[in-house]
Each structure stands twice: as C-alpha cells, then as structure tokens.
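Content type compact mmCIF, C-alpha atoms and all ligand atoms, from the file structure21.txt:
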```
# COMPACT_ATOMS: atom_id res chain seq x y z
CA MET I 2 -30.92 10.29 -4.54
CA ASN I 3 -28.28 8.37 -6.47
CA LEU I 4 -25.15 8.68 -4.35
CA LEU I 5 -24.94 4.88 -4.01
CA LYS I 6 -26.58 3.83 -7.28
CA ASN I 7 -26.33 0.01 -7.69
CA LYS I 8 -23.84 -0.37 -4.85
CA VAL I 9 -24.27 -3.60 -2.89
CA VAL I 10 -23.95 -3.00 0.83
CA ILE I 11 -23.97 -5.40 3.80
CA ILE I 12 -25.02 -3.78 7.08
CA THR I 13 -24.69 -5.86 10.25
CA GLY I 14 -27.12 -4.65 12.89
CA GLY I 15 -29.09 -3.12 10.02
CA THR I 16 -32.47 -3.67 11.66
CA LYS I 17 -32.42 -1.24 14.59
CA GLY I 18 -31.19 2.20 15.60
CA ILE I 19 -28.23 3.49 13.61
CA GLY I 20 -28.15 0.39 11.38
CA LEU I 21 -31.86 0.69 10.53
CA ALA I 22 -31.57 4.38 9.64
CA THR I 23 -28.54 3.49 7.51
CA SER I 24 -30.37 0.69 5.68
CA TYR I 25 -33.14 3.11 4.65
CA LYS I 26 -30.79 6.00 3.84
CA MET I 27 -28.57 3.83 1.63
CA ALA I 28 -31.55 2.24 -0.14
CA GLU I 29 -32.93 5.74 -0.80
CA GLU I 30 -29.56 6.60 -2.35
CA GLY I 31 -29.88 3.69 -4.77
CA ALA I 32 -28.02 0.90 -2.93
CA ILE I 33 -29.04 -2.75 -2.71
CA VAL I 34 -28.87 -3.34 1.04
CA TYR I 35 -28.49 -6.59 2.99
CA ALA I 36 -29.50 -5.80 6.57
CA CYS I 37 -28.19 -8.58 8.81
CA ALA I 38 -29.05 -9.00 12.47
CA ARG I 39 -30.26 -11.26 15.25
CA ASN I 40 -33.73 -9.70 15.39
CA ASN I 41 -36.06 -10.32 12.45
CA VAL I 42 -37.53 -7.28 10.70
CA SER I 43 -39.47 -6.90 7.49
CA PHE I 44 -38.70 -3.81 5.42
CA ASP I 45 -41.15 -1.78 3.35
CA ASN I 46 -38.46 -1.14 0.75
CA GLU I 47 -37.74 -3.70 -1.97
CA ASN I 48 -34.06 -2.73 -2.08
CA ILE I 49 -33.50 -3.85 1.53
CA HIS I 50 -33.12 -7.60 2.09
CA PHE I 51 -33.11 -9.03 5.61
CA LEU I 52 -30.68 -11.82 6.49
CA HIS I 53 -30.60 -13.45 9.91
CA LEU I 54 -27.08 -13.30 11.35
CA ASP I 55 -25.27 -13.61 14.64
CA VAL I 56 -21.90 -11.99 13.97
CA THR I 57 -20.21 -14.14 16.63
CA ASP I 58 -20.69 -17.13 14.30
CA ALA I 59 -17.84 -16.97 11.76
CA GLN I 60 -19.42 -19.56 9.46
CA LYS I 61 -22.71 -17.61 9.35
CA CYS I 62 -20.76 -14.47 8.41
CA GLN I 63 -19.14 -16.44 5.58
CA ASP I 64 -22.58 -17.70 4.49
CA VAL I 65 -23.87 -14.11 4.30
CA ALA I 66 -20.93 -12.96 2.15
CA ASP I 67 -21.28 -16.00 -0.13
CA LYS I 68 -25.04 -15.45 -0.51
CA VAL I 69 -24.65 -11.78 -1.42
CA ILE I 70 -22.01 -12.66 -4.02
CA LYS I 71 -24.25 -15.40 -5.43
CA GLU I 72 -27.19 -13.00 -5.73
CA GLN I 73 -25.43 -9.76 -6.72
CA GLY I 74 -21.96 -10.77 -7.97
CA LYS I 75 -20.17 -8.16 -5.83
CA ILE I 76 -19.95 -6.54 -2.40
CA ASP I 77 -19.21 -2.84 -2.64
CA ALA I 78 -19.38 -2.01 1.04
CA LEU I 79 -19.67 -3.37 4.55
CA ILE I 80 -21.01 -1.42 7.51
CA ALA I 81 -19.99 -3.40 10.61
CA ASP I 82 -22.56 -1.82 12.93
CA ALA I 83 -23.76 -4.70 15.15
CA GLY I 84 -22.85 -4.02 18.74
CA ILE I 85 -24.06 -4.45 22.32
CA ILE I 86 -23.52 -3.05 25.79
CA ASN I 87 -23.55 -4.88 29.12
CA ASP I 88 -22.65 -2.23 31.68
CA ALA I 89 -21.48 -2.55 35.28
CA LEU I 90 -18.83 -1.20 37.60
CA ILE I 91 -15.83 -3.51 37.77
CA ASN I 92 -16.87 -5.15 41.06
CA LYS I 93 -20.12 -6.26 39.39
CA MET I 94 -18.71 -6.97 35.93
CA THR I 95 -18.21 -10.69 35.49
CA THR I 96 -15.74 -12.25 33.08
CA GLU I 97 -18.76 -13.45 31.08
CA MET I 98 -20.07 -9.87 30.75
CA PHE I 99 -16.63 -8.70 29.64
CA ASN I 100 -16.16 -11.51 27.13
CA GLU I 101 -19.69 -11.27 25.71
CA VAL I 102 -19.19 -7.62 24.72
CA ILE I 103 -15.72 -8.28 23.29
CA ASN I 104 -17.08 -11.28 21.40
CA VAL I 105 -19.88 -9.35 19.64
CA ASN I 106 -18.19 -5.94 19.27
CA VAL I 107 -14.66 -7.04 18.34
CA THR I 108 -14.66 -10.69 17.22
CA GLY I 109 -17.98 -10.15 15.43
CA VAL I 110 -16.49 -7.29 13.42
CA PHE I 111 -13.41 -9.41 12.66
CA ASN I 112 -15.66 -12.28 11.50
CA ILE I 113 -17.66 -10.23 9.02
CA ILE I 114 -14.62 -8.33 7.71
CA LYS I 115 -12.78 -11.64 7.22
CA ALA I 116 -15.76 -12.97 5.24
CA VAL I 117 -16.07 -10.02 2.82
CA GLN I 118 -12.39 -9.07 2.40
CA PRO I 119 -11.46 -11.87 -0.08
CA TYR I 120 -14.30 -10.78 -2.38
CA MET I 121 -13.28 -7.11 -2.16
CA ASP I 122 -9.67 -8.17 -2.77
CA GLU I 123 -10.76 -9.98 -5.93
CA GLN I 124 -12.74 -6.90 -7.03
CA LYS I 125 -9.78 -4.70 -5.97
CA ASN I 126 -12.43 -2.37 -4.66
CA GLY I 127 -14.55 -1.81 -1.58
CA SER I 128 -15.40 0.35 1.41
CA ILE I 129 -15.59 -0.97 4.97
CA VAL I 130 -16.78 1.12 7.91
CA THR I 131 -16.62 0.10 11.57
CA ILE I 132 -18.53 1.84 14.37
CA SER I 133 -16.48 2.79 17.41
CA SER I 134 -17.73 5.25 20.03
CA ILE I 135 -16.70 8.35 21.88
CA VAL I 136 -16.14 6.09 24.92
CA GLY I 137 -13.58 4.09 22.94
CA GLU I 138 -11.54 7.28 22.79
CA TYR I 139 -12.24 8.78 26.25
CA GLY I 140 -13.40 5.82 28.41
CA ASN I 141 -16.53 5.73 30.58
CA ILE I 142 -17.56 4.68 34.08
CA GLY I 143 -19.38 1.31 34.01
CA GLN I 144 -18.24 0.50 30.49
CA ILE I 145 -14.81 -1.11 30.84
CA ASN I 146 -15.88 -3.91 28.49
CA TYR I 147 -17.62 -1.66 25.94
CA SER I 148 -14.92 1.04 25.87
CA ALA I 149 -12.24 -1.65 25.46
CA SER I 150 -14.18 -3.12 22.54
CA LYS I 151 -14.65 0.24 20.85
CA ALA I 152 -10.98 1.23 21.33
CA ALA I 153 -10.02 -2.11 19.77
CA LEU I 154 -12.00 -1.26 16.64
CA ILE I 155 -9.88 1.83 16.04
CA GLY I 156 -6.71 -0.30 15.88
CA MET I 157 -8.47 -2.95 13.81
CA THR I 158 -9.71 -0.35 11.33
CA LYS I 159 -6.29 1.22 10.84
CA SER I 160 -4.61 -2.19 10.46
CA CYS I 161 -7.21 -3.30 7.90
CA ALA I 162 -6.82 -0.02 5.99
CA LYS I 163 -3.07 -0.64 5.66
CA GLU I 164 -3.30 -4.38 4.96
CA PHE I 165 -6.15 -4.40 2.44
CA ALA I 166 -4.66 -1.68 0.20
CA ARG I 167 -1.06 -2.81 0.39
CA LYS I 168 -0.98 -4.17 -3.17
CA GLY I 169 -2.70 -1.14 -4.63
CA GLN I 170 -6.27 -2.37 -4.18
CA ASN I 171 -8.84 0.41 -3.79
CA ILE I 172 -10.22 -0.96 -0.51
CA ARG I 173 -10.89 1.79 2.01
CA VAL I 174 -11.46 1.08 5.71
CA ASN I 175 -12.70 3.79 8.04
CA CYS I 176 -14.26 4.12 11.46
CA VAL I 177 -17.07 6.36 12.69
CA ALA I 178 -17.04 7.21 16.38
CA PRO I 179 -20.50 8.46 17.40
CA GLY I 180 -21.25 10.37 20.57
CA TYR I 181 -24.58 9.72 22.31
CA ILE I 182 -27.22 8.83 19.72
CA LEU I 183 -30.90 8.41 20.54
CA THR I 184 -31.50 4.68 20.00
CA ASP I 185 -32.62 1.75 22.15
CA MET I 186 -29.02 1.46 23.34
CA LEU I 187 -29.72 4.48 25.55
CA LYS I 188 -33.17 3.33 26.70
CA ASN I 189 -32.02 2.51 30.24
CA VAL I 190 -30.03 5.71 30.72
CA PRO I 191 -31.84 8.06 33.16
CA GLN I 192 -33.04 11.39 31.75
CA ASP I 193 -30.79 13.45 34.04
CA LEU I 194 -27.76 11.64 32.64
CA LEU I 195 -28.98 12.18 29.05
CA ASP I 196 -29.35 15.89 29.89
CA LYS I 197 -25.79 15.90 31.21
CA PHE I 198 -24.51 14.28 28.02
CA SER I 199 -26.38 16.91 25.95
CA SER I 200 -24.81 19.72 27.94
CA GLN I 201 -21.32 18.23 27.32
CA THR I 202 -21.72 18.69 23.56
CA MET I 203 -21.00 21.97 21.77
CA LEU I 204 -24.36 21.69 19.99
CA LYS I 205 -26.19 21.06 23.32
CA ARG I 206 -28.15 18.05 22.08
CA LEU I 207 -27.86 14.32 21.47
CA GLY I 208 -27.52 12.91 17.95
CA THR I 209 -30.02 11.06 15.78
CA PRO I 210 -29.44 7.74 13.97
CA GLU I 211 -30.02 9.59 10.68
CA GLU I 212 -27.06 11.89 11.39
CA ILE I 213 -24.78 8.83 11.65
CA ALA I 214 -26.41 7.25 8.57
CA ASP I 215 -25.51 10.38 6.55
CA VAL I 216 -21.82 10.06 7.42
CA LEU I 217 -21.81 6.31 6.72
CA THR I 218 -23.42 6.99 3.34
CA PHE I 219 -20.69 9.52 2.53
CA LEU I 220 -17.99 6.98 3.52
CA VAL I 221 -19.47 4.32 1.23
CA SER I 222 -19.95 6.77 -1.64
CA ASP I 223 -17.29 7.73 -4.16
CA MET I 224 -17.33 11.23 -2.63
CA SER I 225 -14.98 9.90 0.07
CA SER I 226 -12.58 8.23 -2.40
CA TYR I 227 -9.43 9.62 -0.73
CA ILE I 228 -10.41 8.81 2.88
CA THR I 229 -9.03 5.64 4.46
CA GLY I 230 -7.63 4.65 7.85
CA SER I 231 -9.58 7.52 9.41
CA VAL I 232 -11.66 7.81 12.55
CA ILE I 233 -14.46 10.33 12.11
CA ASP I 234 -16.00 11.74 15.28
CA VAL I 235 -19.72 12.43 14.95
CA ASN I 236 -20.58 13.70 18.40
CA GLY I 237 -21.88 17.27 18.28
CA GLY I 238 -18.54 18.49 19.58
CA MET I 239 -18.66 16.40 22.76
CA ARG I 240 -15.52 16.38 24.90
CA LEU I 241 -15.41 14.11 27.96
P1 LIG C 301 -29.24 -0.87 18.77
O1 LIG C 301 -29.23 -1.69 20.01
O2 LIG C 301 -30.38 0.01 18.46
O3 LIG C 301 -28.98 -1.83 17.50
C1 LIG C 301 -27.99 -2.80 17.53
C2 LIG C 301 -28.14 -3.71 16.34
O4 LIG C 301 -27.10 -4.71 16.41
C3 LIG C 301 -29.47 -4.48 16.29
O5 LIG C 301 -29.89 -4.57 14.94
C4 LIG C 301 -29.09 -5.87 16.79
O6 LIG C 301 -29.91 -6.91 16.27
C5 LIG C 301 -27.69 -5.99 16.24
N1 LIG C 301 -26.90 -7.00 16.94
C6 LIG C 301 -26.54 -7.03 18.25
N2 LIG C 301 -25.82 -8.14 18.49
C7 LIG C 301 -25.71 -8.80 17.32
C8 LIG C 301 -25.09 -9.99 16.92
N3 LIG C 301 -24.43 -10.78 17.78
N4 LIG C 301 -25.18 -10.38 15.62
C9 LIG C 301 -25.83 -9.61 14.73
N5 LIG C 301 -26.45 -8.47 15.04
C10 LIG C 301 -26.39 -8.07 16.32
O7 LIG C 301 -27.87 -0.03 18.84
P2 LIG C 301 -27.40 1.32 18.11
O8 LIG C 301 -27.46 2.39 19.10
O9 LIG C 301 -28.07 1.47 16.80
O10 LIG C 301 -25.86 0.95 17.91
C11 LIG C 301 -25.32 0.56 16.67
C12 LIG C 301 -23.80 0.61 16.77
O11 LIG C 301 -23.39 1.94 17.09
C13 LIG C 301 -23.24 -0.29 17.86
O12 LIG C 301 -22.02 -0.85 17.43
C14 LIG C 301 -23.01 0.69 19.00
O13 LIG C 301 -22.01 0.23 19.88
C15 LIG C 301 -22.59 1.92 18.23
N6 LIG C 301 -22.74 3.18 18.98
C16 LIG C 301 -23.97 3.56 19.44
C17 LIG C 301 -24.07 4.75 20.15
C18 LIG C 301 -25.38 5.26 20.70
O14 LIG C 301 -25.36 6.23 21.48
N7 LIG C 301 -26.52 4.67 20.35
C19 LIG C 301 -22.92 5.54 20.37
C20 LIG C 301 -21.71 5.11 19.88
C21 LIG C 301 -21.63 3.92 19.17
```
Written as structure tokens, how would this file's structure read?
Ligand code: NAD
Amino acid sequence: MNLLKNKVVIITGGTKGIGLATSYKMAEEGAIVYACARNNVSFDNENIHFLHLDVTDAQKCQDVADKVIKEQGKIDALIADAGIINDALINKMTTEMFNEVINVNVTGVFNIIKAVQPYMDEQKNGSIVTISSIVGEYGNIGQINYSASKAALIGMTKSCAKEFARKGQNIRVNCVAPGYILTDMLKNVPQDLLDKFSSQTMLKRLGTPEEIADVLTFLVSDMSSYITGSVIDVNGGMRL
C-alpha cells in the first residue's frame, strides 16, 4: 500500500486505459498523481488531480511541470503514456496520418520529458518511464507510423538514461513495451484478430491495463533503483 508513499507522479494519458489504471494503482500506493490528458475526467480519489494537456504543445507541457512544482515542490516521476494510433496500409496512409502519430507519440514524449528534466536535474533524482510497444520491436502491418513512433521511443529512452545520469544524478529512464492490452485502443480490432493475438502469446491471453500499471509502479518505486536504460517487455510471452 505504501510503495510510492508521498511520491509526486505526472502521468500523461492518465485518464484512460493503461494510464487510468496506473493513476489509480499509484494513488493506492501512496503517490500524489497528476493525470494529464486531452479528455476531461473526474477522479473519485483525492490523491489524483486532473490537468488538461495536449502533449504536442510544448508550452502546455512546461506549464504542467511548473504547476506541479508550485503545488508539490518536486516531481519524483513521469509516466509518458499518452499515445495514439492512426492505422492504414501505406497506399492509404497520408503524410498527415504519419506526422500526426509521430507528433503525439514521439514529439509529445520529448516535450514532457524536456519540461520535467530540469526539475529532476535540480533534485538529482527522478524516474521517467516511456511506453513503447511490441510493434516498435517487431513491426506490424498497417502501422508504419505507429511502429516507427514506438521504435523511436526506445532510442529516446536509452539516450535520456545516459544523458540525465551523466553527472551522477540518480535519474532513471526506462521503457515498457506492452503487447496487446485490452483498452479502447483495440476497440476497432475484429475479434478474430484479437483471438489470433492471444494465441501468439505464451500465456494464451491478452493483457490488462492493471498488469502494465503494476510494472510502471515497480519502475517508479525504489524497488527498481538499479534499473535504467532498460526496455521491459510485458506481453505474455508474445513473439511476432
Ligand atoms: P487509450 O486510447 O485508452 O488512452 C490513451 C490516453 O492518451 C488517453 O488518456 C488520451 O487522452 C491520451 N492522449 C492521446 N493523445 C494525447 C495528447 N495529444 N495529449 C495528451 N494526452 C493524449 O490507450 P492505451 O491503450 O491506454 O495506451 C496507452 C499507451 O500505451 C499509448 O502510448 C499506447 O501506444 C501504448 N500501448 C498500448 C497498447 C495496447 O494494446 N493498448 C500496446 C502497446 C502500447
């Protein structure tokens, strides 16, 4: 119950799916959570604060970091979870569709990391977690934009891990790469395809948002104090 006692955590995309489950899990573990997203949500937990944010707006990301510092005096962790899909085969994928996904999934993560990093640098302490995907590692039909964005996050995470700790600061940066997780992101995937994805895992089932939230909680907690620059697969043993 107290794994994250008094830790201040910013979660982009903290209002739906994996981010929502993570907001509740971390609050249950004693964290003060700032759930930031484009869609408004009210939380029935006094330790979760909603902030409206579009991560593609660098100034708004800065405003969020400044506000959290003003209210709490520190930022212990960032979960850069906000992400979108906009799938099509290449002949139907427009440049706009490609750029939109890169803009949210890559530039948006850069924007929020850039906003919190100076505060963590001052504290000489912090934990940042990005969310890649199994398709960032293996690729996927109809997801050239999304898989490119998720592969980019692996490089970004490893670069941040090296750069942010280079003067001995205790700032850890890791990436979680989920397999197929039952959220709204999969709502348009036909059942026969979901069944196929299940059968491609060793555990023969899809994952739940709570199972990703558990790993994110571990990566923010002091129990993962010697883990940085890592990509952790959470995919039921899926191999594509
Ligand atoms: P979801 O669609 O349920 O939730 C996405 C969240 O991101 C929402 O809160 C939404 O408001 C927020 N968001 C989207 N664009 C935003 C923007 N521009 N600014 C701020 N917030 C924004 O999705 P999910 O399934 O919970 O996915 C969460 C993360 O996990 C994403 O990065 C996704 O790519 C990744 N992921 C999901 C799966 C899966 O199978 N569901 C698998 C691998 C990785």
Where does chain I meet ligand LIG 301 (chain C) within 6 Å, residue by residue, with the nearest atom pair and distance in Å to one decimal for each, counting all atoms listed in the file, listed by chain and rising number, as CSV?
```
residue,atom,partner,partner_atom,distance
I:Thr13,CA,C:LIG301,N5,5.7
I:Gly14,CA,C:LIG301,O5,3.4
I:Gly15,CA,C:LIG301,O5,5.2
I:Thr16,CA,C:LIG301,O5,4.3
I:Lys17,CA,C:LIG301,O5,4.2
I:Gly18,CA,C:LIG301,O9,3.4
I:Ile19,CA,C:LIG301,O9,3.8
I:Gly20,CA,C:LIG301,O9,5.5
I:Ala38,CA,C:LIG301,N5,3.7
I:Arg39,CA,C:LIG301,O6,4.5
I:Asn40,CA,C:LIG301,O6,4.8
I:Leu54,CA,C:LIG301,C9,5.2
I:Asp55,CA,C:LIG301,N4,3.4
I:Val56,CA,C:LIG301,N4,4.0
I:Thr57,CA,C:LIG301,N3,5.5
I:Asp82,CA,C:LIG301,O12,4.6
I:Ala83,CA,C:LIG301,O4,3.6
I:Gly84,CA,C:LIG301,O12,3.5
I:Ile85,CA,C:LIG301,C6,5.4
I:Val105,CA,C:LIG301,N3,5.1
I:Ile132,CA,C:LIG301,O12,5.4
I:Ser133,CA,C:LIG301,C21,5.6
I:Ser134,CA,C:LIG301,C20,4.0
I:Pro179,CA,C:LIG301,C20,4.3
I:Gly180,CA,C:LIG301,C19,5.1
I:Tyr181,CA,C:LIG301,O14,3.7
I:Ile182,CA,C:LIG301,O14,3.6
I:Leu183,CA,C:LIG301,N7,5.8
I:Thr184,CA,C:LIG301,O8,4.7
I:Asp185,CA,C:LIG301,O2,4.7
I:Met186,CA,C:LIG301,O1,4.6
```
Determine, counting all atoms listed in the file, which protein, DNA and RNA residues have an atom within 9 Å of an atom of I:Cys161; residues of the same chain fewer than 2 positions away are not included. Present the result as number ranges by chain. I: 114, 156-159, 163-166, 173-175, 230
Find the residue from I:Val235, I:Ala152, I:Leu194, I:Ala81 that sits nearest to I:Pro210; use all atoms listed in the file when measuring. I:Val235
Using only C-alpha atoms, pick whichever of I:Gly31, I:Gln192, I:Ser222, I:Tyr120 has the shortest atom-to-atom distance to I:Lys71. I:Tyr120
What lies within 10 Å of I:Gly237 using all atoms listed in the file, ignoring chain neighbours under 3 positions off, as a PDB file with C-alpha atoms, in the frame of the given file?
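Once written, part20.pdb looks like this:
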```pdb
ATOM      1  CA  PRO I 179     -20.500   8.460  17.400  1.00  0.00           C
ATOM      2  CA  GLY I 180     -21.250  10.370  20.570  1.00  0.00           C
ATOM      3  CA  TYR I 181     -24.580   9.720  22.310  1.00  0.00           C
ATOM      4  CA  SER I 199     -26.380  16.910  25.950  1.00  0.00           C
ATOM      5  CA  GLN I 201     -21.320  18.230  27.320  1.00  0.00           C
ATOM      6  CA  THR I 202     -21.720  18.690  23.560  1.00  0.00           C
ATOM      7  CA  MET I 203     -21.000  21.970  21.770  1.00  0.00           C
ATOM      8  CA  LEU I 204     -24.360  21.690  19.990  1.00  0.00           C
ATOM      9  CA  LYS I 205     -26.190  21.060  23.320  1.00  0.00           C
ATOM     10  CA  ARG I 206     -28.150  18.050  22.080  1.00  0.00           C
ATOM     11  CA  LEU I 207     -27.860  14.320  21.470  1.00  0.00           C
ATOM     12  CA  GLY I 208     -27.520  12.910  17.950  1.00  0.00           C
ATOM     13  CA  ASP I 234     -16.000  11.740  15.280  1.00  0.00           C
ATOM     14  CA  ARG I 240     -15.520  16.380  24.900  1.00  0.00           C
TER      15      ARG I 240
END
```
Would you kindly identify which residues have an atom no farther than 9 Å from (-10.8, 2.1, -2.2), using all atoms listed in the file and the file's own coordinates, and write them out as a PyMOL selection string? chain I and resi 125-128+166+170-174+223+226-229
Atom CA of I:Cys176 and atom CA of I:Val110, how far apart in Å?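 Value for the atom CA of I:Val110-atom CA of I:Cys176 distance: 11.8 Å.
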Choose the residue, out of I:Asn87, I:Ser160, I:Gln118, I:Ser225, that has the smallest atom-to-atom separation from I:Asp67; count all atoms listed in the file. I:Gln118
If we count all atoms listed in the file, what is near I:Ile76 at a cut-off of 8 Å, once residues fewer than 3 positions away on the same chain are taken out, given as a PyMOL selection string? chain I and resi 8-11+66+69-70+73+79+117+120-121+127
Of the listed residues I:Met239, I:Leu21, I:Ala36, I:Leu154, that which approaches I:Ser200 most closely, counting all atoms listed in the file: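 Comparing I:Met239, I:Leu21, I:Ala36, I:Leu154 against I:Ser200, the winner is I:Met239.
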Given only C-alpha atoms as the counted atoms, nearest of I:Ala89, I:Met224, I:Met2, I:Ala78 to I:Tyr25: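 Between I:Ala89, I:Met224, I:Met2, I:Ala78, the residue approaching I:Tyr25 most closely is I:Met2.
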I:Leu241, I:Ile86, I:Ile142, I:Ile103: which is nearest I:Phe198, counting only C-alpha atoms?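 Residue with the minimum atom-to-atom distance to I:Phe198: I:Leu241.
The space separating atom CA of I:Glu29 from atom CA of I:Asn3 comes to 7.8 Å.
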At what distance in Å, to one decimal, does atom CA of I:Ser231 lie from atom CA of I:Lys197?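 That distance, rounded to one decimal, is 28.4 Å.
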Any chance you could work out the axis-aligned box around stretch 189-203 of chain I, listed atoms only, 3 Å on each side, giving centre and edge lengths in Å to one decimal, as lines of an AutoDock Vina configuration file?
```
center_x = -27.0
center_y = 12.2
center_z = 27.9
size_x = 18.0
size_y = 25.5
size_z = 18.3
```
